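File shown: structure-v2.tsv (TSV, C-alpha atoms).
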```tsv
chain	number	residue	atom	x	y	z
K	99	MET	CA	-30.36	-23.38	1.93
K	100	VAL	CA	-26.65	-24.29	1.71
K	101	GLU	CA	-26.37	-22.39	-1.57
K	102	VAL	CA	-28.07	-19.34	-0.03
K	103	ALA	CA	-25.70	-19.42	2.97
K	104	LEU	CA	-22.66	-19.73	0.72
K	105	ALA	CA	-23.87	-16.84	-1.42
K	106	GLN	CA	-24.44	-14.70	1.68
K	107	SER	CA	-20.95	-15.53	2.99
K	108	SER	CA	-19.41	-14.64	-0.35
K	109	ALA	CA	-21.31	-11.32	-0.43
K	110	ASP	CA	-20.15	-10.47	3.11
K	111	LYS	CA	-16.52	-11.12	2.19
K	112	ALA	CA	-16.84	-9.01	-0.96
K	113	LEU	CA	-18.33	-6.13	1.06
K	114	ALA	CA	-15.56	-6.37	3.66
K	115	ALA	CA	-12.92	-6.36	0.92
K	116	ALA	CA	-14.52	-3.32	-0.72
K	117	ARG	CA	-14.56	-1.47	2.62
K	118	ARG	CA	-10.86	-2.22	3.15
K	119	GLU	CA	-10.02	-0.88	-0.30
K	120	ALA	CA	-12.09	2.23	0.40
K	121	ASP	CA	-10.37	2.83	3.75
K	122	LEU	CA	-6.95	2.42	2.14
K	123	ALA	CA	-7.80	4.90	-0.61
K	124	TYR	CA	-9.16	7.35	1.98
K	125	THR	CA	-5.97	7.14	4.05
K	126	GLN	CA	-3.85	7.73	0.94
K	127	ALA	CA	-6.10	10.69	0.04
K	128	LEU	CA	-5.46	12.31	3.44
K	129	GLU	CA	-1.72	11.97	2.86
K	130	ALA	CA	-2.10	13.56	-0.58
K	131	LEU	CA	-4.11	16.43	0.93
K	132	HIS	CA	-1.43	16.92	3.55
K	133	ASP	CA	1.17	17.28	0.76
K	134	LYS	CA	-1.17	19.55	-1.30
K	135	ARG	CA	-1.41	17.04	-4.16
K	136	TRP	CA	-4.99	18.13	-4.88
K	137	LEU	CA	-5.67	16.19	-8.10
K	138	GLU	CA	-4.30	12.94	-6.67
K	139	ALA	CA	-6.38	13.43	-3.52
K	140	GLU	CA	-9.54	13.95	-5.56
K	141	LEU	CA	-8.92	10.77	-7.55
K	142	LEU	CA	-8.26	8.76	-4.38
K	143	LEU	CA	-11.43	10.04	-2.71
K	144	GLU	CA	-13.43	9.13	-5.78
K	145	ARG	CA	-11.82	5.68	-5.67
K	146	ALA	CA	-12.88	5.29	-2.03
K	147	LEU	CA	-16.47	6.14	-2.93
K	148	MET	CA	-16.35	3.80	-5.91
K	149	PHE	CA	-15.55	0.88	-3.60
K	150	TYR	CA	-17.84	2.01	-0.78
K	151	PRO	CA	-20.40	4.68	-1.78
K	152	ALA	CA	-21.57	5.07	1.86
K	153	HIS	CA	-18.14	6.21	3.09
K	154	ALA	CA	-19.34	9.43	4.78
K	155	GLU	CA	-15.88	10.70	5.70
K	156	ALA	CA	-14.63	10.37	2.11
K	157	MET	CA	-17.77	12.06	0.81
K	158	LEU	CA	-17.38	15.01	3.19
K	159	GLN	CA	-13.68	15.36	2.47
K	160	LEU	CA	-14.34	15.34	-1.26
K	161	ALA	CA	-16.98	18.05	-0.78
K	162	LEU	CA	-14.45	20.17	1.13
K	163	LEU	CA	-11.85	19.68	-1.57
K	164	LEU	CA	-14.26	20.56	-4.39
K	165	ALA	CA	-15.33	23.72	-2.55
K	166	GLU	CA	-11.71	24.74	-2.07
K	167	ARG	CA	-11.10	24.22	-5.80
K	168	ASP	CA	-13.99	26.53	-6.74
K	169	ARG	CA	-16.49	23.79	-7.60
K	170	PRO	CA	-19.22	24.69	-5.07
K	171	GLU	CA	-22.08	23.05	-6.99
K	172	SER	CA	-20.41	19.63	-6.89
K	173	ALA	CA	-19.64	20.18	-3.21
K	174	ARG	CA	-23.27	21.03	-2.45
K	175	ALA	CA	-24.44	17.86	-4.19
K	176	LEU	CA	-22.23	15.70	-1.96
K	177	ILE	CA	-23.30	17.57	1.19
K	178	GLN	CA	-26.95	17.12	0.22
K	179	ALA	CA	-26.33	13.39	-0.21
K	180	LEU	CA	-25.04	13.24	3.38
K	181	LEU	CA	-28.08	15.20	4.58
K	182	ASP	CA	-30.38	12.75	2.80
K	183	ASP	CA	-28.67	9.79	4.53
K	184	PRO	CA	-30.84	8.82	7.54
K	185	GLU	CA	-27.75	7.46	9.37
K	186	THR	CA	-26.08	10.90	9.50
K	187	PRO	CA	-25.95	11.97	13.22
K	188	SER	CA	-28.04	15.00	14.15
K	189	ALA	CA	-25.00	16.93	15.46
K	190	GLN	CA	-23.22	16.46	12.15
K	191	ARG	CA	-26.43	17.27	10.23
K	192	GLN	CA	-26.48	20.80	11.73
K	193	LYS	CA	-22.93	21.44	10.53
K	194	LEU	CA	-23.80	20.15	7.08
K	195	GLN	CA	-26.81	22.49	6.89
K	196	ALA	CA	-24.49	25.43	7.57
K	197	LEU	CA	-22.09	24.22	4.89
K	198	LEU	CA	-24.90	23.88	2.40
K	199	ARG	CA	-25.52	27.61	2.62
K	200	ASP	CA	-21.84	28.37	1.86
K	201	PRO	CA	-19.54	25.35	1.40
K	202	ARG	CA	-16.44	27.51	1.65
K	203	ASP	CA	-17.38	29.07	4.98
K	204	ASP	CA	-15.07	27.62	7.64
K	205	MET	CA	-15.09	24.18	6.06
K	206	ALA	CA	-12.10	22.87	7.93
K	207	ALA	CA	-13.67	23.67	11.30
K	208	ALA	CA	-16.84	21.86	10.24
K	209	GLU	CA	-14.78	18.87	9.16
K	210	ALA	CA	-13.09	18.75	12.55
K	211	ALA	CA	-16.50	18.74	14.22
K	212	ALA	CA	-17.72	16.00	11.89
K	213	ARG	CA	-14.65	13.87	12.62
K	214	ALA	CA	-15.08	14.35	16.36
K	215	ALA	CA	-18.71	13.20	16.07
K	216	VAL	CA	-17.68	9.80	14.72
K	217	PRO	CA	-16.91	7.38	17.58
K	218	ARG	CA	-13.81	5.26	17.10
K	219	THR	CA	-12.74	2.17	19.01
K	220	LEU	CA	-9.53	0.19	18.65
K	221	VAL	CA	-8.60	-3.04	20.41
K	222	SER	CA	-5.36	-4.97	20.07
K	223	THR	CA	-3.72	-7.95	21.71
K	224	SER	CA	-0.22	-9.32	21.34
K	225	VAL	CA	1.94	-12.17	22.54
K	226	GLY	CA	5.66	-12.37	22.01
K	227	TYR	CA	9.12	-13.33	23.21
K	228	SER	CA	11.68	-10.85	24.57
K	229	THR	CA	15.33	-11.21	25.50
K	230	ASN	CA	14.95	-8.53	28.21
K	231	PRO	CA	11.32	-7.72	29.15
K	232	LEU	CA	12.35	-5.77	32.27
K	233	VAL	CA	15.03	-3.78	30.37
K	234	ALA	CA	17.61	-4.78	32.97
K	235	SER	CA	21.14	-3.39	32.72
K	236	SER	CA	23.55	-5.28	30.47
K	237	ALA	CA	26.46	-4.42	32.79
K	238	ARG	CA	27.98	-7.30	34.76
K	239	GLU	CA	29.64	-5.11	37.35
K	240	MET	CA	29.58	-1.55	38.67
K	241	VAL	CA	32.45	0.70	39.69
K	242	LEU	CA	31.74	2.77	42.80
K	243	THR	CA	33.78	5.97	43.14
K	244	LEU	CA	34.47	6.42	46.86
K	245	PRO	CA	36.75	9.04	48.51
K	246	GLN	CA	39.21	6.31	49.52
K	247	GLY	CA	39.29	4.79	46.03
K	248	ASN	CA	37.24	2.91	43.46
K	249	ILE	CA	35.51	-0.35	44.30
K	250	THR	CA	34.16	-2.81	41.73
K	251	VAL	CA	31.07	-4.77	42.75
K	252	PRO	CA	29.17	-7.39	40.71
K	253	LEU	CA	25.57	-6.77	39.68
K	254	LEU	CA	23.35	-9.60	40.87
K	255	SER	CA	20.39	-8.60	38.69
K	256	GLN	CA	20.84	-9.70	35.08
K	257	ALA	CA	18.62	-9.62	32.01
K	258	GLN	CA	16.16	-12.52	31.78
K	259	ARG	CA	14.37	-13.85	28.72
K	260	GLY	CA	10.64	-14.41	28.76
K	261	THR	CA	7.25	-14.04	27.14
K	262	LEU	CA	5.48	-10.70	26.92
K	263	THR	CA	1.72	-10.31	26.49
K	264	GLN	CA	-0.27	-7.12	26.07
K	265	ALA	CA	-3.87	-5.97	25.60
K	266	GLN	CA	-4.87	-2.45	24.59
K	267	LEU	CA	-8.13	-0.53	24.29
K	268	TYR	CA	-8.70	2.92	22.80
K	269	HIS	CA	-12.05	4.70	22.52
K	270	ARG	CA	-13.13	8.21	21.54
K	271	TRP	CA	-16.58	9.55	22.42
K	272	ASP	CA	-18.64	12.09	20.45
K	273	SER	CA	-17.74	14.75	23.04
K	274	GLY	CA	-14.05	14.43	22.16
K	275	LEU	CA	-13.17	12.51	25.35
K	276	GLU	CA	-10.55	9.81	24.70
K	277	LEU	CA	-9.61	6.77	26.77
K	278	GLN	CA	-6.56	4.54	26.38
K	279	ALA	CA	-5.93	1.50	28.61
K	280	THR	CA	-3.09	-1.02	28.38
K	281	ALA	CA	-2.36	-4.17	30.39
K	282	GLN	CA	0.95	-6.05	30.19
K	283	SER	CA	2.44	-9.15	31.77
K	284	SER	CA	5.52	-11.37	31.56
K	285	ASP	CA	6.50	-14.79	32.92
K	286	VAL	CA	9.87	-13.49	34.20
K	287	ASP	CA	10.13	-14.30	37.92
K	288	THR	CA	10.59	-10.75	39.20
K	289	ALA	CA	8.02	-9.14	36.85
K	290	THR	CA	4.92	-7.48	38.27
K	291	SER	CA	1.67	-6.85	36.45
K	292	ALA	CA	1.95	-3.65	34.42
K	293	GLY	CA	-0.44	-1.27	32.78
K	294	ARG	CA	-1.32	2.27	31.83
K	295	ILE	CA	-4.57	4.21	31.75
K	296	ALA	CA	-4.89	7.66	30.23
K	297	VAL	CA	-7.84	10.00	29.70
K	298	VAL	CA	-7.74	13.12	27.50
K	299	GLY	CA	-10.59	15.53	26.85
K	300	PRO	CA	-11.49	19.06	25.73
K	301	LEU	CA	-11.84	21.86	28.24
K	302	PRO	CA	-15.51	21.97	29.41
K	303	GLY	CA	-17.61	24.95	28.41
K	304	VAL	CA	-15.28	26.16	25.62
K	305	PRO	CA	-17.10	26.68	22.28
K	306	ALA	CA	-15.53	25.16	19.17
K	307	ALA	CA	-15.39	28.61	17.56
K	308	ASN	CA	-12.90	29.85	20.17
K	309	ARG	CA	-9.65	29.50	18.23
K	310	LEU	CA	-7.44	30.15	21.25
K	311	LEU	CA	-9.02	27.87	23.87
K	312	ALA	CA	-10.76	25.21	21.74
K	313	PRO	CA	-7.44	23.47	20.88
K	314	LEU	CA	-6.66	23.16	24.62
K	315	ARG	CA	-7.16	19.73	26.19
K	316	TRP	CA	-6.56	18.22	29.62
K	317	GLY	CA	-5.05	14.82	30.33
K	318	LEU	CA	-4.56	12.41	33.24
K	319	SER	CA	-2.52	9.20	33.18
K	320	ALA	CA	-1.16	6.58	35.56
K	321	GLN	CA	1.15	3.70	34.75
K	322	ARG	CA	3.15	0.89	36.33
K	323	THR	CA	5.97	-0.92	34.52
K	324	LEU	CA	6.95	-4.57	34.75
K	325	ASP	CA	9.74	-3.75	37.23
K	326	GLY	CA	7.26	-2.06	39.59
K	327	ALA	CA	8.07	1.58	38.81
K	328	ARG	CA	5.06	3.93	38.87
K	329	ARG	CA	4.38	7.34	37.33
K	330	GLN	CA	1.34	9.63	37.46
K	331	VAL	CA	0.93	12.66	35.18
K	332	ALA	CA	-1.53	15.55	34.85
K	333	SER	CA	-1.28	17.46	31.56
K	334	LEU	CA	-2.51	20.52	29.71
K	335	LEU	CA	-2.18	20.16	25.94
K	336	TRP	CA	-2.55	22.54	23.00
K	337	GLN	CA	-2.84	21.02	19.53
K	338	ARG	CA	-2.84	22.96	16.28
K	339	PRO	CA	-6.45	23.27	15.02
K	340	TRP	CA	-7.42	21.09	12.06
K	341	ARG	CA	-8.18	24.17	9.99
K	342	GLU	CA	-4.53	25.21	10.13
K	343	VAL	CA	-3.45	21.67	9.27
K	344	HIS	CA	-5.91	21.65	6.37
K	345	GLU	CA	-4.37	24.90	5.12
K	346	GLY	CA	-0.94	23.29	4.87
K	347	ASN	CA	0.57	23.59	8.35
K	348	LEU	CA	1.89	20.39	9.87
K	349	PRO	CA	0.42	19.02	13.13
K	350	LEU	CA	1.96	20.61	16.23
K	351	LEU	CA	1.49	19.73	19.90
K	352	TYR	CA	2.54	21.57	23.08
K	353	SER	CA	2.11	20.07	26.53
K	354	LEU	CA	2.77	21.13	30.11
K	355	ASN	CA	2.84	18.27	32.61
K	356	ALA	CA	3.11	17.68	36.35
K	357	PHE	CA	4.42	14.25	37.36
K	358	ASP	CA	4.85	12.12	40.47
K	359	GLU	CA	6.79	8.85	40.82
K	360	PRO	CA	5.68	7.35	44.16
K	361	VAL	CA	8.24	4.53	44.34
K	362	THR	CA	11.31	6.72	43.87
K	363	GLY	CA	9.81	9.83	45.47
K	364	ARG	CA	10.58	11.87	42.35
K	365	GLN	CA	8.30	14.80	41.50
K	366	GLY	CA	8.35	17.76	39.15
K	367	TRP	CA	7.06	19.21	35.90
K	368	SER	CA	7.92	19.03	32.21
K	369	ALA	CA	7.28	21.02	29.02
K	370	ARG	CA	7.22	19.36	25.61
K	371	VAL	CA	6.81	20.35	21.96
K	372	GLN	CA	6.12	17.84	19.18
K	373	GLN	CA	6.06	18.59	15.47
K	374	SER	CA	5.23	16.43	12.45
K	375	LEU	CA	7.90	16.79	9.77
K	376	PRO	CA	7.47	17.06	5.98
K	377	ASN	CA	7.17	13.73	4.19
K	378	LEU	CA	10.45	12.55	2.74
K	379	LEU	CA	10.39	9.71	0.17
K	380	GLU	CA	7.06	8.44	1.60
K	381	LEU	CA	8.57	8.51	5.11
K	382	GLY	CA	6.18	9.76	7.80
K	383	HIS	CA	8.12	11.14	10.75
K	384	LEU	CA	8.04	13.60	13.64
K	385	GLY	CA	10.42	15.18	16.12
K	386	TRP	CA	10.01	16.28	19.71
K	387	ALA	CA	11.93	18.05	22.49
K	388	GLU	CA	11.27	18.16	26.21
K	389	TYR	CA	12.61	19.68	29.40
K	390	GLU	CA	11.81	17.87	32.65
K	391	HIS	CA	12.43	19.70	35.93
K	392	ALA	CA	12.63	17.56	39.06
K	393	THR	CA	11.67	19.45	42.20
K	394	ARG	CA	12.46	16.38	44.32
K	395	GLY	CA	14.15	13.01	43.98
K	396	GLY	CA	16.64	13.31	41.13
K	397	PRO	CA	18.26	15.39	38.41
K	398	SER	CA	16.42	17.42	35.80
K	399	ALA	CA	16.99	16.60	32.12
K	400	TRP	CA	16.77	17.72	28.51
K	401	ARG	CA	15.36	15.18	26.04
K	402	ALA	CA	14.85	15.03	22.30
K	403	GLY	CA	13.61	12.35	19.94
K	404	TRP	CA	12.75	11.43	16.38
K	405	GLN	CA	10.45	8.65	15.20
K	406	ALA	CA	9.45	7.50	11.74
K	407	GLN	CA	7.57	4.84	9.83
K	408	TRP	CA	7.79	3.68	6.24
K	409	GLN	CA	5.37	1.36	4.48
K	410	PHE	CA	7.78	0.08	1.85
K	411	ALA	CA	5.34	-2.57	0.54
K	412	PRO	CA	1.55	-3.09	0.83
K	413	GLU	CA	1.88	-5.54	3.74
K	414	TRP	CA	5.19	-4.39	5.25
K	415	LEU	CA	5.86	-1.58	7.74
K	416	LEU	CA	9.26	-0.39	8.97
K	417	GLN	CA	9.34	1.73	12.15
K	418	GLY	CA	12.04	3.22	14.34
K	419	TYR	CA	12.98	5.94	16.80
K	420	LEU	CA	15.95	7.69	18.38
K	421	TYR	CA	15.76	9.18	21.87
K	422	ALA	CA	18.52	11.15	23.64
K	423	GLN	CA	18.74	12.49	27.19
K	424	ILE	CA	21.22	14.73	29.01
K	425	ASP	CA	20.86	15.39	32.74
K	426	THR	CA	21.44	18.91	34.03
K	427	SER	CA	23.23	17.76	37.21
K	428	GLY	CA	25.19	14.78	38.49
K	429	TYR	CA	23.34	11.52	38.95
K	430	SER	CA	25.24	10.07	41.92
K	431	ALA	CA	28.58	10.72	43.65
K	432	LEU	CA	29.12	6.94	43.61
K	433	LEU	CA	29.04	6.75	39.78
K	434	LYS	CA	32.00	8.39	38.04
K	435	ASN	CA	32.25	11.01	40.78
K	436	ASN	CA	28.77	12.47	40.15
K	437	ALA	CA	29.07	12.64	36.35
K	438	TYR	CA	26.14	13.99	34.35
K	439	ARG	CA	24.17	11.07	32.92
K	440	ARG	CA	23.81	10.89	29.14
K	441	PHE	CA	22.22	8.19	27.01
K	442	LEU	CA	20.94	7.43	23.54
K	443	THR	CA	18.23	4.85	22.81
K	444	ALA	CA	17.57	3.41	19.35
K	445	ASN	CA	14.77	1.14	18.17
K	446	LEU	CA	14.03	-0.54	14.86
K	447	SER	CA	11.12	-2.87	14.04
K	448	VAL	CA	9.67	-4.49	10.95
K	449	GLU	CA	6.06	-5.65	10.79
K	450	ARG	CA	4.39	-7.95	8.28
K	451	GLN	CA	0.64	-8.40	7.89
K	452	ILE	CA	-0.13	-12.12	7.92
K	453	VAL	CA	-3.94	-12.38	7.78
K	454	PRO	CA	-5.79	-9.24	6.60
K	455	ASP	CA	-9.20	-10.39	7.85
K	456	LEU	CA	-9.32	-12.47	11.04
K	457	TRP	CA	-12.36	-12.15	13.34
K	458	GLY	CA	-12.97	-8.71	11.86
K	459	GLY	CA	-9.40	-7.57	12.50
K	460	GLN	CA	-5.88	-8.05	11.18
K	461	LEU	CA	-3.11	-10.40	12.30
K	462	SER	CA	0.51	-9.33	11.90
K	463	ALA	CA	3.99	-10.34	13.05
K	464	GLN	CA	6.73	-8.01	14.26
K	465	ALA	CA	10.45	-8.35	14.93
K	466	TYR	CA	12.23	-5.59	16.85
K	467	TRP	CA	15.59	-4.51	18.28
K	468	THR	CA	16.21	-1.85	20.94
K	469	GLN	CA	19.54	-0.66	22.35
K	470	ARG	CA	20.57	1.98	24.89
K	471	TRP	CA	24.08	3.40	25.28
K	472	SER	CA	25.12	5.54	28.26
K	473	ASN	CA	28.26	7.06	29.78
K	474	LEU	CA	27.20	5.30	32.99
K	475	SER	CA	27.30	1.56	32.30
K	476	LEU	CA	24.48	0.92	34.79
K	477	PHE	CA	22.05	2.37	32.22
K	478	ASN	CA	23.21	0.31	29.23
K	479	TRP	CA	20.70	-2.31	28.08
K	480	SER	CA	19.47	-4.11	24.99
K	481	ASP	CA	16.39	-6.06	23.97
K	482	LYS	CA	15.37	-8.11	20.94
K	483	GLY	CA	12.16	-9.96	20.33
K	484	ILE	CA	9.25	-11.04	18.17
K	485	ALA	CA	5.52	-10.54	18.67
K	486	PHE	CA	2.23	-11.40	17.01
K	487	TYR	CA	-0.46	-8.70	16.99
K	488	TRP	CA	-4.20	-8.83	16.37
K	489	ARG	CA	-5.92	-5.47	15.89
K	490	ARG	CA	-9.48	-4.46	15.16
K	491	GLN	CA	-11.17	-1.08	14.95
K	492	TRP	CA	-14.72	0.21	14.74
K	493	ARG	CA	-15.66	3.53	13.19
```
Step by step, read the file and then write its structure as structure tokens.
Amino acid sequence: MVEVALAQSSADKALAAARREADLAYTQALEALHDKRWLEAELLLERALMFYPAHAEAMLQLALLLAERDRPESARALIQALLDDPETPSAQRQKLQALLRDPRDDMAAAEAAARAAVPRTLVSTSVGYSTNPLVASSAREMVLTLPQGNITVPLLSQAQRGTLTQAQLYHRWDSGLELQATAQSSDVDTATSAGRIAVVGPLPGVPAANRLLAPLRWGLSAQRTLDGARRQVASLLWQRPWREVHEGNLPLLYSLNAFDEPVTGRQGWSARVQQSLPNLLELGHLGWAEYEHATRGGPSAWRAGWQAQWQFAPEWLLQGYLYAQIDTSGYSALLKNNAYRRFLTANLSVERQIVPDLWGGQLSAQAYWTQRWSNLSLFNWSDKGIAFYWRRQWR
């Protein structure tokens, strides 16, 4: 019996390792498809199926690629294999039947429907140490500009070091509805419990064939930070259809948002555009720009940002971002005689995978540095820290 149990355990580990290799090859194949490296993508998809023959997503993607490269018979064989699989969902089976009649007929749209039909869940937890969990100002004093002259006053609130814990859940339903929930806490004395919950979904009653309205989605979110600030947002989003991405266009997102900040009394709306950028030396990155108009409670602002990640080794990931803001009116008459606020925020982090298979997930360690510079010293701050993450996902 002991020998049987050991053999079963060994087989389970081998299967898990094969699935990880298949998922890695599939991810690399999607990147190759994005860059139009067709032959490399085909080889990577075949590698994924070699490690895990039941990888339905890799099989469907390979069928799409073969059809695009004028190999319809091979594509039909793969589609038929998915139809013969009793675990293929009925909604996806109908799309596959349509593809079997003509594999090149709107394949990208069918792929998007097939992807949406696959539920996905991600959970993660982390615990770490931060030099400034509440992102308190690094200034020791503040100069007030009064009509009778400047006055310098000390700032009583200073940055405090402490632990930072976080739990996160993401889930996508077959309907396309997505949920993201985050909870955060710190042992700093003045910290409150923090969290964010967001729901995004497709517009009800809009058929997938409607190329103008189908990419539209609605969103609702509410969050509270560790310092007690709150923000609520309602959004309308338009995301470039997968068919256009499949044809070589990079992902693009537009959003129009209405926001309310109950603690400060600030309200208004914002418009944002986000665009993935061409890969550069294996660097995945994107840029975004936003205008936020405050109808009450503070100045409006222009914002722009850039973020990137680079997996420079199999178990190492380097990430970073830059974020700039310029207000369109003075912040306060007491700060540099109502000067327009400007700031730049930079972040850099490096992550190392420690245990690739722990309780069905992965354990990794991260070190990070974040700094903000502003023309108003009240908004200068810095933070450094380390964290340990455990993540697991279900397809």
Stretch 391-400 of chain K, all listed atoms, 3 Å padding on each side: what axis-aligned box centre and edge lengths in Å to one decimal come out, as AutoDock Vina command-line options?
```
--center_x 15.0 --center_y 16.4 --center_z 36.4 --size_x 12.6 --size_y 12.7 --size_z 21.8
```
Which residues of stretch 277-299 of chain K come within 8 Å of stretch 319-343 of chain K, and what is each one's closest atom pair and distance in Å (one decimal), counting only C-alpha atoms, sorted by chain and residue number, as CSV?
```
residue,atom,partner,partner_atom,distance
K:Gln282,CA,K:Leu324,CA,7.7
K:Ser283,CA,K:Leu324,CA,7.1
K:Ser284,CA,K:Leu324,CA,7.6
K:Thr288,CA,K:Asp325,CA,7.3
K:Ala289,CA,K:Leu324,CA,5.1
K:Thr290,CA,K:Leu324,CA,5.0
K:Ser291,CA,K:Leu324,CA,6.0
K:Ala292,CA,K:Thr323,CA,4.9
K:Gly293,CA,K:Arg322,CA,5.5
K:Arg294,CA,K:Gln321,CA,4.1
K:Ile295,CA,K:Ser319,CA,5.6
K:Ala296,CA,K:Ser319,CA,4.1
K:Val297,CA,K:Ser319,CA,6.4
```
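With distances taken over all atoms listed in the file, K:Val221 is the one residue among K:Ala156, K:Leu311, K:Leu147, K:Val221 lying closest to K:Ala281.
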*Could you name the residues that touch stretch 360-372 of chain K at 7 Å or less, counting all atoms listed in the file, but leaving out those on the same chain fewer than 5 positions away, as an MDAnalysis selection string?*
chainID K and resid 327:329 350:355 385:396
_Using all atoms listed in the file, which protein or nucleic acid residues come within 12 Å of K:Leu254? Drop anything in the same chain fewer than 6 positions from it, and give the result as a list in words._
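Close residues of K:Leu254: Ala234, Ser235, Ser236, Ala237, Arg238, Glu239 and Met240 of chain K.
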*Which of these, K:Ser228, K:Ser398, K:Thr250, K:Thr280, has the shortest distance to K:Tyr429 once you count only C-alpha atoms?*
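With only C-alpha atoms as the atom set, the closest residue is K:Ser398.
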*Grab the atom CA of K:Ser480 to atom CA of K:Gln405 distance for me, in Å with one decimal place.*
18.4 Å
_What does the structure give for the distance between atom CA of K:Phe486 and atom CA of K:Leu461, in Å to one decimal?_
7.2 Å
